[in-house]
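Chemist: Sharing a structure here in structure tokens format.
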Amino acid sequence: MSEQRIFNRDSFLDNIAKQLGRERITAPVARPNLKYNCHKDVFADKSPDELKAILVDYTETTLASQAVVTTKDKLTETLRNVCFHYCTDDGEGLNPIGETIFTADNRLLDIVNPKDLAEKQHGVYIWDYSAGYDANIAVAERAKVGVVFAEQALAESGTMVLYSQAAQGRAVSLLPEASIFIVPKSNIVPRLTQATELLHQKAQNGERIPSCVNFISGPSSTADIELIKVVGVHGPVFATYIIIDDM
């Protein structure tokens, strides 16, 4: 962060040190030299295809969600089938009724045109940050499906990693009834260790860190009451992971 944007830091930290009864520490704190790095060993020997298989299996069993493997050329067809499945009561994808909201992430828009999914009674909206907060939220609230592009997928826990950015508001994956996460096979990593390591590297390199990082594992659910799992309490009821096999 630019020094010009930091105010009262020194006085704030000086006050904390005073309350703790010690001198303020200004030198960098040495990172501990861990004897074991088992958190990095999990699935470390797995190939991209093996990680993909682990992710698909975990998603369809433990998360009770859908995982679809496709290619760039077939992505539009795959999206059409999944979106239309959620937008019809019979689940057959015939005469879809409803609305789908897409992220404006160019990584996705470069390989698929969301407008190709538009039908007579199925509207398609692309997140438009220039339109302002209210306009985008209004669409996300009424949309049946939200389509986002994931930064990474964690094979161990069936988790999608989303970075908040202007082109991809958080509401796209949180407000619609169903969420579709698109991730390239090359972005599947073993577990949370690798996801946070990437963020650490960005910070070390002085790169801008996203204001919010969401780790989403399947549809929203909770088991806080009587350990009974309830799905869709505070977010999407359904989730589909689309893995692009040739990226």
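Following the order of the structure tokens, first chain is A, next is B, and so on, with residues numbered from 1 inside each chain and ligands from 1 in the order they appear.
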Skipping near chain neighbours, those fewer than 2 positions away, what residues fall within 12 Å of Gln194 of chain A using only C-alpha atoms, listed as a list in words?
Modeler: His39, Lys40, Asp41, Val42, Phe43, Ala44, Glu151, Gln152, Ala153, Leu154, Ala155, Glu156, Val161, Asn187, Ile188, Val189, Pro190, Arg191, Leu192, Thr196, Glu197, Leu198, Leu199, His200 and Gln201 of chain A
Chemist: Within 7 Å of segment 58-73 of chain A, counting only C-alpha atoms, which residues qualify if same-chain residues fewer than 6 places away don't, as a PyMOL selection string?
Modeler: chain A and resi 111+158+218+239-246
Chemist: Would you mind exporting the chosen residues as a compact mmCIF listing (two decimals), in the first residue's frame, restricted to N, CA, C and O atoms?
Modeler:
```
# COMPACT_ATOMS: atom_id res chain seq x y z
N ILE A 111 -13.75 -16.70 -23.96
CA ILE A 111 -13.95 -18.06 -24.47
C ILE A 111 -15.43 -18.43 -24.59
O ILE A 111 -15.76 -19.50 -25.11
N GLY A 158 -13.01 -29.57 -2.21
CA GLY A 158 -14.03 -29.18 -3.17
C GLY A 158 -14.38 -27.71 -3.08
O GLY A 158 -15.54 -27.32 -3.16
N GLY A 218 -19.29 -25.85 -2.43
CA GLY A 218 -20.64 -26.30 -2.73
C GLY A 218 -21.69 -25.26 -2.38
O GLY A 218 -21.39 -24.08 -2.19
N ALA A 239 -25.13 -25.92 -6.60
CA ALA A 239 -23.82 -25.52 -7.10
C ALA A 239 -23.34 -26.53 -8.15
O ALA A 239 -23.53 -27.73 -7.99
N THR A 240 -22.77 -26.00 -9.21
CA THR A 240 -22.16 -26.84 -10.24
C THR A 240 -20.77 -26.33 -10.54
O THR A 240 -20.55 -25.12 -10.71
N TYR A 241 -19.80 -27.25 -10.57
CA TYR A 241 -18.44 -26.90 -10.94
C TYR A 241 -18.22 -27.34 -12.39
O TYR A 241 -18.41 -28.52 -12.72
N ILE A 242 -17.82 -26.41 -13.23
CA ILE A 242 -17.48 -26.74 -14.62
C ILE A 242 -15.96 -26.64 -14.77
O ILE A 242 -15.40 -25.54 -14.61
N ILE A 243 -15.32 -27.73 -15.06
CA ILE A 243 -13.86 -27.77 -15.19
C ILE A 243 -13.49 -27.80 -16.67
O ILE A 243 -13.94 -28.68 -17.41
N ILE A 244 -12.70 -26.82 -17.09
CA ILE A 244 -12.27 -26.76 -18.49
C ILE A 244 -11.01 -27.59 -18.62
O ILE A 244 -9.94 -27.23 -18.13
N ASP A 245 -11.13 -28.73 -19.29
CA ASP A 245 -10.08 -29.74 -19.29
C ASP A 245 -8.85 -29.33 -20.09
O ASP A 245 -7.75 -29.83 -19.83
N ASP A 246 -8.99 -28.44 -21.06
CA ASP A 246 -7.86 -28.08 -21.92
C ASP A 246 -7.33 -26.69 -21.63
O ASP A 246 -6.80 -26.01 -22.50
```
Chemist: So which one's closest to Gly235 of chain A, A:Gly146, A:Gly21, A:Pro32, A:Gly98? Using only C-alpha atoms, please.
Modeler: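 Selected residue with least distance to Gly235 of chain A: A:Gly146.
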Chemist: Using only C-alpha atoms, which of the listed residues (A:Phe181, A:Tyr36, A:Trp127, A:Tyr163) sits closest to Phe102 of chain A?
Modeler: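 Of A:Phe181, A:Tyr36, A:Trp127, A:Tyr163, the one nearest Phe102 of chain A is A:Trp127, counting only C-alpha atoms.
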Chemist: Would you kindly return, as an MDAnalysis selection string, each protein, DNA or RNA residue with an atom no farther than 12 Å from any atom of Thr26 of chain A, considering only C-alpha atoms and excluding same-chain residues fewer than 2 positions away?
Modeler: chainID A and resid 10 13:14 17 23:24 28:29
Chemist: Include C-alpha atoms and write out the residues we just selected as a CSV table (one decimal), in the first residue's frame.
Modeler:
```csv
chain,number,residue,atom,x,y,z
A,10,ASP,CA,3.1,5.1,13.9
A,13,LEU,CA,1.3,1.2,16.9
A,14,ASP,CA,3.2,3.2,19.5
A,17,ALA,CA,3.3,-1.0,22.4
A,23,GLU,CA,9.2,-1.0,23.2
A,24,ARG,CA,7.6,-1.0,19.8
A,28,PRO,CA,10.7,-7.7,10.6
A,29,VAL,CA,9.6,-10.7,12.6
```
